[in-house]
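For reference, coords.txt is printed below; it contains compact mmCIF, C-alpha atoms.
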```txt
# COMPACT_ATOMS: atom_id res chain seq x y z
CA MET A 1 -16.93 -21.76 14.53
CA THR A 2 -15.67 -21.45 18.11
CA GLN A 3 -13.45 -18.62 19.34
CA GLU A 4 -10.77 -21.21 19.97
CA GLN A 5 -10.88 -22.30 16.33
CA ILE A 6 -10.68 -18.67 15.19
CA ASN A 7 -7.62 -18.21 17.41
CA GLN A 8 -6.19 -21.36 15.87
CA LEU A 9 -6.63 -19.82 12.41
CA TYR A 10 -4.80 -16.66 13.52
CA SER A 11 -1.95 -18.87 14.78
CA PHE A 12 -2.01 -20.75 11.48
CA THR A 13 -1.57 -17.55 9.44
CA ARG A 14 1.23 -16.42 11.79
CA ALA A 15 2.94 -19.78 11.35
CA HIS A 16 2.71 -19.25 7.59
CA PHE A 17 4.59 -15.95 7.71
CA VAL A 18 1.71 -13.50 7.90
CA GLU A 19 2.81 -11.28 10.76
CA HIS A 20 0.45 -8.34 10.35
CA TYR A 21 -2.94 -8.37 12.01
CA ASP A 22 -4.67 -6.52 9.15
CA VAL A 23 -3.70 -9.24 6.66
CA GLN A 24 -4.29 -12.07 9.13
CA THR A 25 -7.85 -10.92 9.80
CA GLU A 26 -8.88 -11.06 6.17
CA LEU A 27 -7.27 -14.47 5.66
CA VAL A 28 -8.83 -15.88 8.84
CA ASP A 29 -12.31 -14.92 7.64
CA HIS A 30 -11.61 -16.41 4.22
CA LEU A 31 -10.33 -19.69 5.69
CA ALA A 32 -13.21 -19.81 8.17
CA ASN A 33 -15.78 -19.40 5.39
CA GLY A 34 -14.16 -22.12 3.32
CA ILE A 35 -13.86 -24.49 6.27
CA GLU A 36 -17.50 -23.95 7.30
CA ARG A 37 -18.61 -24.76 3.77
CA LEU A 38 -16.48 -27.91 3.58
CA LEU A 39 -17.68 -29.16 6.95
CA LYS A 40 -21.27 -28.57 5.91
CA GLU A 41 -20.76 -30.60 2.74
CA ASP A 42 -18.88 -33.42 4.47
CA SER A 43 -19.39 -33.69 8.23
CA SER A 44 -16.88 -36.56 8.50
CA LEU A 45 -14.02 -34.09 7.84
CA SER A 46 -12.05 -32.81 10.80
CA PHE A 47 -11.38 -29.09 11.29
CA ASN A 48 -7.69 -29.56 10.49
CA GLU A 49 -8.38 -31.54 7.33
CA ALA A 50 -10.74 -28.84 6.11
CA LEU A 51 -8.15 -26.17 6.97
CA GLN A 52 -5.46 -27.96 4.95
CA THR A 53 -7.82 -28.30 1.97
CA GLU A 54 -8.63 -24.59 2.08
CA PHE A 55 -4.98 -23.61 2.48
CA LYS A 56 -4.02 -25.65 -0.59
CA LYS A 57 -6.27 -23.38 -2.66
CA PHE A 58 -3.78 -20.57 -2.07
CA GLY A 59 -1.26 -22.44 -4.23
CA VAL A 60 2.32 -23.51 -3.62
CA CYS A 61 3.42 -20.08 -2.40
CA GLY A 62 0.72 -20.04 0.29
CA PHE A 63 0.08 -16.54 1.59
CA HIS A 64 3.37 -15.16 0.29
CA ASP A 65 2.05 -13.38 -2.81
CA ILE A 66 -0.88 -11.88 -0.94
CA VAL A 67 1.45 -10.44 1.73
CA GLN A 68 3.83 -9.04 -0.88
CA GLU A 69 1.07 -7.40 -2.89
CA LYS A 70 -0.52 -6.02 0.26
CA LYS A 71 2.86 -4.49 1.18
CA LYS A 72 2.98 -2.75 -2.18
CA ALA A 73 -0.56 -1.47 -1.78
CA ILE A 74 0.09 -0.13 1.75
CA ALA A 75 3.39 1.42 0.62
CA LYS A 76 1.45 3.25 -2.08
CA ARG A 77 -0.99 4.58 0.50
CA TYR A 78 1.90 5.61 2.73
CA ARG A 79 3.56 7.51 -0.12
CA GLY A 80 0.22 9.22 -0.71
CA MET A 81 0.19 10.32 2.94
CA VAL A 82 3.78 11.60 2.70
CA TRP A 83 2.88 13.57 -0.42
CA ARG A 84 -0.25 15.02 1.21
CA PHE A 85 1.74 16.38 4.17
CA PHE A 86 4.70 17.38 1.97
CA ILE A 87 2.73 19.64 -0.36
CA GLN A 88 1.18 21.46 2.62
CA TRP A 89 4.57 23.16 2.93
CA PHE A 90 4.02 24.75 -0.45
CA GLN A 91 0.62 26.11 0.44
CA TRP A 92 -0.32 29.05 2.59
CA PRO A 93 0.51 29.48 5.51
CA LYS A 94 3.39 26.97 5.70
CA LEU A 95 4.76 28.30 2.42
CA VAL A 96 6.11 31.29 4.37
CA LEU A 97 8.28 28.99 6.48
CA THR A 98 9.47 27.10 3.40
CA LEU A 99 10.47 30.31 1.67
CA ALA A 100 12.17 31.56 4.85
CA LEU A 101 14.18 28.33 5.11
CA PHE A 102 15.10 28.44 1.44
CA GLY A 103 16.00 32.15 1.61
CA GLY A 104 17.99 31.68 4.81
CA ILE A 105 20.16 28.92 3.35
CA GLU A 106 20.61 30.75 0.06
CA LEU A 107 21.59 33.97 1.83
CA THR A 108 24.04 32.20 4.14
CA MET A 109 25.69 30.44 1.19
CA THR A 110 25.92 33.72 -0.75
CA THR A 111 27.43 35.51 2.24
CA LEU A 112 30.01 32.76 2.52
CA ASN A 113 30.78 32.83 -1.23
CA GLN A 114 34.46 33.59 -0.87
CA SER A 115 34.87 31.94 2.50
CA GLN A 116 36.56 28.65 3.30
CA PHE A 117 33.53 27.81 5.44
CA LYS A 118 31.30 27.42 2.42
CA PRO A 119 32.37 23.84 1.55
CA MET A 120 32.14 22.97 5.23
CA LEU A 121 28.59 24.27 5.43
CA PHE A 122 27.75 22.42 2.20
CA PHE A 123 28.98 19.05 3.47
CA GLY A 124 27.77 19.72 7.00
CA LEU A 125 24.19 20.26 5.86
CA LEU A 126 24.29 17.29 3.48
CA LEU A 127 25.64 15.04 6.21
CA ALA A 128 23.15 16.30 8.78
CA PHE A 129 20.19 15.59 6.53
CA THR A 130 21.50 12.11 5.76
CA LEU A 131 22.45 11.19 9.30
CA LEU A 132 19.32 12.57 10.94
CA PRO A 133 16.93 9.85 9.74
CA LEU A 134 19.61 7.20 10.13
CA GLY A 135 20.24 8.34 13.72
CA TYR A 136 16.53 8.30 14.42
CA LEU A 137 16.28 4.72 13.19
CA ILE A 138 19.24 3.55 15.27
CA VAL A 139 18.65 5.46 18.52
CA ASN A 140 14.91 4.85 18.48
CA ARG A 141 15.07 1.19 17.53
CA LYS A 142 13.53 -0.19 20.75
CA ASN A 143 10.80 2.47 20.93
CA ARG A 144 9.95 2.02 17.28
CA GLU A 145 9.50 -1.70 17.72
CA LEU A 146 7.12 -1.05 20.62
CA ASP A 147 5.27 1.69 18.73
CA GLN A 148 4.63 -0.60 15.77
CA VAL A 149 2.59 -2.89 17.97
CA ARG A 150 -0.76 -1.33 18.79
CA GLY A 151 -3.24 -3.11 21.02
CA GLY A 152 -0.97 -6.16 21.00
CA LYS A 153 -1.15 -6.29 17.21
CA LYS A 154 1.25 -5.44 14.47
CA TRP A 155 -0.17 -3.40 11.59
CA MET A 156 1.47 -3.14 8.20
CA LEU A 157 1.01 0.63 8.06
CA SER A 158 2.47 1.23 11.53
CA GLU A 159 5.53 -0.78 10.54
CA LEU A 160 6.02 1.55 7.58
CA ILE A 161 5.42 4.68 9.68
CA TYR A 162 8.09 3.78 12.23
CA ASN A 163 10.57 2.60 9.60
CA LEU A 164 10.10 5.85 7.68
CA GLY A 165 8.50 3.92 4.82
CA ASP A 166 11.92 2.61 3.80
CA MET A 167 12.47 6.03 2.26
CA LEU A 168 15.98 6.47 3.62
CA GLN A 169 17.31 6.20 0.11
CA VAL A 170 16.01 9.70 -0.66
CA PRO A 171 18.37 11.63 1.66
CA ASN A 172 21.08 9.10 0.83
CA LEU A 173 20.66 9.82 -2.83
CA LEU A 174 20.88 13.53 -2.15
CA PHE A 175 24.14 13.08 -0.24
CA ASN A 176 25.66 10.93 -2.97
CA LEU A 177 24.62 13.35 -5.66
CA GLY A 178 26.06 16.24 -3.69
CA ALA A 179 29.32 14.46 -2.91
CA LEU A 180 29.80 13.16 -6.45
CA GLY A 181 28.73 16.32 -8.20
CA TYR A 182 30.64 18.59 -5.87
CA ASN A 183 32.95 20.93 -7.74
CA THR A 184 32.29 19.35 -11.11
CA GLU A 185 31.74 21.66 -14.02
CA LEU A 186 27.97 21.40 -13.70
CA PHE A 187 27.81 21.85 -9.96
CA SER A 188 30.83 23.96 -9.10
CA ILE A 189 30.56 25.49 -5.68
CA HIS A 190 31.47 28.84 -7.22
CA ALA A 191 28.92 28.72 -10.02
CA ASN A 192 26.17 31.33 -9.93
CA HIS A 193 23.32 28.82 -9.78
CA PHE A 194 24.98 26.68 -7.08
CA ASN A 195 23.53 28.49 -4.07
CA LEU A 196 20.02 28.46 -5.50
CA VAL A 197 20.04 24.77 -6.43
CA PHE A 198 21.63 23.72 -3.18
CA ALA A 199 19.25 25.80 -1.04
CA ALA A 200 16.27 24.36 -2.93
CA LEU A 201 17.46 20.74 -2.55
CA ILE A 202 18.26 21.11 1.14
CA THR A 203 14.90 22.76 1.76
CA LEU A 204 13.09 19.89 0.02
CA ALA A 205 15.13 17.29 1.92
CA GLY A 206 14.50 19.12 5.19
CA ILE A 207 10.75 19.13 4.65
CA LEU A 208 10.73 15.46 3.63
CA ASN A 209 12.72 14.53 6.75
CA TYR A 210 10.36 16.53 8.93
CA VAL A 211 7.30 14.86 7.42
CA LEU A 212 8.79 11.35 7.75
CA LEU A 213 10.31 11.80 11.20
CA VAL A 214 7.85 14.07 12.98
CA VAL A 215 4.55 14.71 11.21
CA ILE A 216 3.53 11.20 10.21
CA PRO A 217 4.57 9.42 13.45
CA SER A 218 2.73 12.09 15.46
CA LYS A 219 -0.45 11.39 13.48
CA ALA A 220 -0.03 7.61 13.54
CA GLU A 221 -3.19 7.01 15.57
CA THR A 222 -5.43 8.95 13.17
CA LEU A 223 -3.79 7.51 10.05
CA LEU A 224 -4.19 3.95 11.34
CA SER A 225 -7.85 4.55 12.21
CA ASP A 226 -8.51 6.03 8.77
CA THR A 227 -6.81 3.13 7.01
CA TYR A 228 -8.18 0.26 9.08
CA PRO A 229 -11.82 0.30 10.20
CA GLU A 230 -10.96 -2.67 12.43
CA TYR A 231 -8.38 -0.58 14.29
CA GLN A 232 -11.21 1.13 16.22
CA MET A 233 -12.82 -2.20 17.01
CA GLN A 234 -9.97 -3.57 19.09
CA MET B 1 -11.95 -25.02 -16.15
CA ALA B 2 -11.71 -22.17 -18.60
CA ASN B 3 -8.39 -20.83 -19.72
CA SER B 4 -7.65 -18.52 -16.80
CA LYS B 5 -5.11 -16.52 -18.80
CA LEU B 6 -7.94 -15.15 -20.92
CA TYR B 7 -9.68 -13.87 -17.82
CA LYS B 8 -6.61 -12.56 -16.04
CA GLY B 9 -6.55 -9.16 -17.69
CA SER B 10 -10.21 -8.65 -16.87
CA LEU B 11 -10.08 -9.65 -13.20
CA ASN B 12 -10.22 -6.06 -11.91
CA THR B 13 -13.16 -5.25 -14.16
CA ILE B 14 -14.98 -8.40 -13.03
CA ILE B 15 -14.50 -7.38 -9.38
CA LEU B 16 -15.67 -3.82 -10.03
CA LYS B 17 -18.73 -5.08 -11.91
CA LEU B 18 -19.67 -7.49 -9.10
CA LEU B 19 -19.35 -4.73 -6.51
CA GLU B 20 -21.41 -2.40 -8.66
CA GLU B 21 -24.22 -4.94 -8.61
CA GLY B 22 -23.72 -6.40 -5.15
CA GLY B 23 -23.07 -3.24 -3.16
CA LYS B 24 -20.60 -4.50 -0.61
CA MET B 25 -18.97 -7.89 -0.70
CA TYR B 26 -16.21 -9.78 1.11
CA GLY B 27 -13.42 -11.78 -0.51
CA TYR B 28 -14.84 -15.27 -0.11
CA GLU B 29 -18.23 -14.08 -1.30
CA ILE B 30 -16.66 -12.75 -4.52
CA THR B 31 -14.97 -16.08 -5.32
CA GLN B 32 -18.24 -17.95 -4.75
CA LYS B 33 -20.30 -15.45 -6.72
CA VAL B 34 -18.02 -15.75 -9.76
CA LYS B 35 -18.11 -19.52 -9.51
CA ALA B 36 -21.92 -19.50 -9.37
CA LEU B 37 -22.38 -16.97 -12.18
CA THR B 38 -20.06 -18.83 -14.54
CA LYS B 39 -21.43 -22.22 -13.42
CA GLY B 40 -18.01 -23.24 -12.15
CA GLU B 41 -16.34 -22.32 -15.44
CA LEU B 42 -14.28 -19.54 -13.91
CA HIS B 43 -12.56 -19.96 -10.60
CA ILE B 44 -10.86 -16.87 -9.19
CA THR B 45 -7.91 -18.06 -7.14
CA GLU B 46 -7.39 -16.64 -3.69
CA GLY B 47 -3.82 -15.75 -4.65
CA ALA B 48 -5.11 -13.47 -7.40
CA LEU B 49 -8.25 -12.06 -5.78
CA TYR B 50 -6.79 -10.42 -2.67
CA PRO B 51 -3.86 -8.70 -4.41
CA ALA B 52 -6.36 -7.32 -6.94
CA LEU B 53 -8.66 -6.07 -4.16
CA HIS B 54 -5.77 -4.46 -2.27
CA LYS B 55 -4.52 -2.79 -5.43
CA LEU B 56 -7.96 -1.37 -6.23
CA GLU B 57 -8.23 -0.16 -2.65
CA ALA B 58 -4.83 1.56 -2.86
CA GLN B 59 -5.94 3.22 -6.11
CA GLY B 60 -8.86 4.71 -4.22
CA LEU B 61 -11.46 2.78 -6.21
CA LEU B 62 -12.59 0.66 -3.26
CA ASP B 63 -13.44 1.50 0.30
CA VAL B 64 -13.52 -0.99 3.16
CA GLU B 65 -15.90 -1.65 6.00
CA VAL B 66 -15.35 -4.12 8.79
CA ALA B 67 -18.11 -5.90 10.66
CA LYS B 68 -18.09 -8.51 13.36
CA VAL B 69 -19.74 -11.63 11.98
CA ASP B 70 -20.13 -14.63 14.31
CA ASN B 71 -16.96 -14.34 16.33
CA ARG B 72 -14.65 -12.99 13.67
CA LEU B 73 -14.06 -9.77 11.76
CA ARG B 74 -15.17 -9.55 8.15
CA LYS B 75 -13.80 -7.04 5.69
CA TYR B 76 -16.29 -5.78 3.13
CA TYR B 77 -15.31 -3.97 -0.05
CA LYS B 78 -17.47 -1.39 -1.78
CA LEU B 79 -17.01 1.08 -4.62
CA THR B 80 -15.99 4.66 -3.87
CA GLU B 81 -17.41 7.51 -5.99
CA GLN B 82 -14.21 7.37 -8.06
CA GLY B 83 -14.63 3.58 -8.26
CA LYS B 84 -18.17 3.93 -9.63
CA LYS B 85 -16.96 6.19 -12.43
CA GLU B 86 -14.02 3.93 -13.17
CA THR B 87 -16.32 0.89 -13.35
CA VAL B 88 -18.34 2.56 -16.12
CA ASN B 89 -15.13 3.33 -18.05
CA ARG B 90 -13.65 -0.12 -17.64
CA LEU B 91 -16.87 -1.87 -18.61
CA ALA B 92 -17.06 0.26 -21.75
CA GLU B 93 -13.46 -0.69 -22.55
CA LEU B 94 -14.19 -4.36 -21.98
CA GLU B 95 -17.30 -4.25 -24.18
CA GLU B 96 -15.30 -2.57 -26.92
CA PHE B 97 -12.68 -5.29 -26.60
CA ILE B 98 -15.32 -8.03 -26.83
CA ARG B 99 -16.80 -6.40 -29.97
CA SER B 100 -13.35 -6.24 -31.57
CA MET B 101 -12.67 -9.87 -30.74
CA GLU B 102 -16.00 -10.88 -32.22
CA GLN B 103 -15.18 -9.04 -35.40
CA LEU B 104 -11.79 -10.73 -35.55
CA LEU B 105 -13.15 -14.19 -34.91
CA ASN B 106 -16.39 -13.96 -36.89
CA PRO B 107 -15.80 -11.45 -39.64
CA LYS B 108 -18.91 -10.69 -41.64
CA TRP B 109 -17.73 -11.10 -45.19
CA ARG B 110 -19.53 -9.02 -47.71
CA ILE B 111 -19.17 -9.00 -51.46
CA SER B 112 -19.60 -5.52 -52.66
```

As structure tokens, how would this structure be written, given the file I've shared?
Amino acid sequence: MTQEQINQLYSFTRAHFVEHYDVQTELVDHLANGIERLLKEDSSLSFNEALQTEFKKFGVCGFHDIVQEKKKAIAKRYRGMVWRFFIQWFQWPKLVLTLALFGGIELTMTTLNQSQFKPMLFFGLLLAFTLLPLGYLIVNRKNRELDQVRGGKKWMLSELIYNLGDMLQVPNLLFNLGALGYNTELFSIHANHFNLVFAALITLAGILNYVLLVVIPSKAETLLSDTYPEYQMQ
Amino acid sequence: MANSKLYKGSLNTIILKLLEEGGKMYGYEITQKVKALTKGELHITEGALYPALHKLEAQGLLDVEVAKVDNRLRKYYKLTEQGKKETVNRLAELEEFIRSMEQLLNPKWRIS
């Protein structure tokens, strides 16, 4: 098969809504194998006829299901990466920083126990941890779009990395829980366990934000190389 | 063509078994191998094969290698250490299932 025909197959997958190079590459090889076989069996077939015959084998949904399932599989890998970096903060030596952050917030809240600033600090921190990732996504939109494309190609994992793995719902959930639960019987700002629970939740959210916003994007190159052997071959 | 629903639940095990025997294989090769082994009786659809491969890869059971073949890139799948262990387990499960089905379908009646 000529290079031109291979390029034509890449265009074909793009035209059929496969936008990521990692998925396109696998489909191109599959189509190329099928087409070569068909042309060998019946030399009167044209390249395009053979391509259409091979494409039909993917069923009425075409490449849709494959792309969707691949997204799920890559999202699972991404969550694995997030978890790997997240738990490092509960192991020596980073554990010291985690405990310091937790202790600092707890101590500040306890010091402010009778103060009118306590609710302000509570909502301020909640809001900050919710708006931080949102702000990053909005302010960085142009850069993120450029970062997702590596070597002129778009990779499914890099899209997840620069969109924070669509995990914005985690800080959002925290904010909603905090706002809804605020001053209820269970989560009264004056309850004894309030400072501890709040400090723990904010510490966890802070670490998660840091991993999503800083750690993983800074290691994008390595993570992409580890995930895709073809990334090195560009 | 055989009733594909009967095979559906065993697709992952079939893939693992083929990779255990074949070392490393690429997607198209797997579809052709299954077709040849079952004399055309079982046809793994492309729409089912790749999602299964990607899922097994995400579970850490498969590893990938990419090689340039002719003028295109080819993605090969092979079992990881975890995948090799899992293959043994899943094959044992499948064999147990087949034995149970045999007993259900061909019970050996005995008059005691």

*asked:* Using Å and a single decimal, report how far atom CA of A:Gly206 sits from atom CA of A:Val139.
replied: 19.5 Å

*Do you know which residues are at most 8 Å from stretch 72-85 of chain B counting all atoms listed in the file, after dropping those on the same chain fewer than 2 positions away, and could you put them as a PyMOL selection string?*
(chain A and resi 6+25-26+29+230) or (chain B and resi 16+19-20+23-27+60-70+87-89)

*Separation of atom CA of A:Val170 from atom CA of A:Met109 in Å*: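 Rounded to one decimal, the two atoms are 23.0 Å apart.
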
Near A:Thr110, counting all atoms listed in the file, which residues have an atom at most 10 Å away, once you skip same-chain residues fewer than 2 positions from it, shown as a PDB file with C-alpha atoms, in the coordinates of the input?
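Final output, result02.pdb:
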```pdb
ATOM      1  CA  GLY A 104      17.990  31.680   4.810  1.00  0.00           C
ATOM      2  CA  ILE A 105      20.160  28.920   3.350  1.00  0.00           C
ATOM      3  CA  GLU A 106      20.610  30.750   0.060  1.00  0.00           C
ATOM      4  CA  LEU A 107      21.590  33.970   1.830  1.00  0.00           C
ATOM      5  CA  THR A 108      24.040  32.200   4.140  1.00  0.00           C
ATOM      6  CA  LEU A 112      30.010  32.760   2.520  1.00  0.00           C
ATOM      7  CA  ASN A 113      30.780  32.830  -1.230  1.00  0.00           C
ATOM      8  CA  GLN A 114      34.460  33.590  -0.870  1.00  0.00           C
ATOM      9  CA  SER A 115      34.870  31.940   2.500  1.00  0.00           C
ATOM     10  CA  LYS A 118      31.300  27.420   2.420  1.00  0.00           C
ATOM     11  CA  HIS A 190      31.470  28.840  -7.220  1.00  0.00           C
ATOM     12  CA  ASN A 192      26.170  31.330  -9.930  1.00  0.00           C
ATOM     13  CA  PHE A 194      24.980  26.680  -7.080  1.00  0.00           C
ATOM     14  CA  ASN A 195      23.530  28.490  -4.070  1.00  0.00           C
ATOM     15  CA  LEU A 196      20.020  28.460  -5.500  1.00  0.00           C
TER      16      LEU A 196
END
```

_A:Asn209, A:Gln5, A:Gln116, A:Gln148 ranked by distance to chain B, top pick (using only C-alpha atoms)_ =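 Going through A:Asn209, A:Gln5, A:Gln116, A:Gln148 one by one, the smallest distance to chain B is for A:Gln5.
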
*Kindly determine which residues of chain B lie within 6 Å of chain A, considering only C-alpha atoms, and give the answer as a PyMOL selection string.*
chain B and resi 28+46-47+51+55+58+66

Kindly export the residues of the current selection with C-alpha atoms, as an mmCIF file, in the coordinates of the input.
```cif
data_model
loop_
_atom_site.group_PDB
_atom_site.id
_atom_site.type_symbol
_atom_site.label_atom_id
_atom_site.label_comp_id
_atom_site.auth_asym_id
_atom_site.auth_seq_id
_atom_site.Cartn_x
_atom_site.Cartn_y
_atom_site.Cartn_z
ATOM 1 C CA TYR B 28 -14.840 -15.270 -0.110
ATOM 2 C CA GLU B 46 -7.390 -16.640 -3.690
ATOM 3 C CA GLY B 47 -3.820 -15.750 -4.650
ATOM 4 C CA PRO B 51 -3.860 -8.700 -4.410
ATOM 5 C CA LYS B 55 -4.520 -2.790 -5.430
ATOM 6 C CA ALA B 58 -4.830 1.560 -2.860
ATOM 7 C CA VAL B 66 -15.350 -4.120 8.790
#
```

_Distance criterion (only C-alpha atoms): nearest to B:Lys17 out of B:Leu49, B:Leu91, B:Leu105, B:Ile30_ = B:Leu91

*asked:* For A:Leu125, find every residue with an atom within 8 Å (counting only C-alpha atoms), except residues of its own chain fewer than 4 positions away, and show them as a PyMOL selection string.
replied: chain A and resi 121+129+202

*Can you work out the spacing between atom CA of A:Val149 and atom CA of B:Glu57 in Å, to one decimal?*
23.4 Å

_Spatial neighbours of A:Val211, max dist 10 Å, all atoms listed in the file, sep filter under 4 positions, as a VMD selection string_ = chain A and resid 81 to 86 89 164 205 to 207 215 to 218

*For A:Lys219, please output as a VMD selection string all residues within 10 Å (counting all atoms listed in the file; exclusion window: fewer than 5 positions along the same chain).*
chain A and resid 161 214 224

Taking the structure I provided as the source, export stretch 55-74 of chain B with N, CA and C atoms, as a compact mmCIF listing (two decimals), in the first residue's frame.
```txt
# COMPACT_ATOMS: atom_id res chain seq x y z
N LYS B 55 -9.97 -2.56 26.84
CA LYS B 55 -10.38 -2.79 28.22
C LYS B 55 -9.33 -3.65 28.94
N LEU B 56 -8.90 -4.70 28.28
CA LEU B 56 -7.88 -5.59 28.88
C LEU B 56 -6.57 -4.84 29.10
N GLU B 57 -6.27 -3.92 28.17
CA GLU B 57 -5.05 -3.11 28.32
C GLU B 57 -5.18 -2.19 29.53
N ALA B 58 -6.36 -1.57 29.67
CA ALA B 58 -6.58 -0.65 30.81
C ALA B 58 -6.55 -1.40 32.14
N GLN B 59 -6.93 -2.68 32.09
CA GLN B 59 -6.90 -3.49 33.32
C GLN B 59 -5.48 -3.95 33.67
N GLY B 60 -4.56 -3.65 32.77
CA GLY B 60 -3.16 -4.03 33.03
C GLY B 60 -2.86 -5.47 32.65
N LEU B 61 -3.77 -6.11 31.91
CA LEU B 61 -3.54 -7.50 31.52
C LEU B 61 -2.75 -7.59 30.19
N LEU B 62 -2.85 -6.52 29.40
CA LEU B 62 -2.13 -6.51 28.12
C LEU B 62 -1.17 -5.32 28.06
N ASP B 63 -0.10 -5.55 27.33
CA ASP B 63 0.88 -4.50 27.10
C ASP B 63 0.91 -4.28 25.58
N VAL B 64 1.32 -3.10 25.15
CA VAL B 64 1.35 -2.87 23.71
C VAL B 64 2.76 -2.57 23.22
N GLU B 65 2.98 -2.95 21.97
CA GLU B 65 4.23 -2.66 21.28
C GLU B 65 3.83 -2.10 19.93
N VAL B 66 4.59 -1.16 19.43
CA VAL B 66 4.26 -0.63 18.11
C VAL B 66 5.46 -0.82 17.19
N ALA B 67 5.20 -1.31 16.00
CA ALA B 67 6.29 -1.49 15.04
C ALA B 67 5.87 -0.91 13.69
N LYS B 68 6.86 -0.44 12.96
CA LYS B 68 6.54 0.07 11.63
C LYS B 68 6.56 -1.10 10.65
N VAL B 69 5.43 -1.35 10.04
CA VAL B 69 5.33 -2.45 9.09
C VAL B 69 4.90 -1.85 7.75
N ASP B 70 5.62 -2.16 6.68
CA ASP B 70 5.46 -1.48 5.39
C ASP B 70 5.57 0.02 5.66
N ASN B 71 4.52 0.77 5.32
CA ASN B 71 4.66 2.19 5.63
C ASN B 71 3.59 2.65 6.62
N ARG B 72 3.25 1.74 7.52
CA ARG B 72 2.28 2.13 8.55
C ARG B 72 2.69 1.57 9.89
N LEU B 73 2.03 2.09 10.96
CA LEU B 73 2.35 1.62 12.30
C LEU B 73 1.41 0.49 12.68
N ARG B 74 1.97 -0.52 13.33
CA ARG B 74 1.13 -1.65 13.74
C ARG B 74 1.23 -1.82 15.25
```
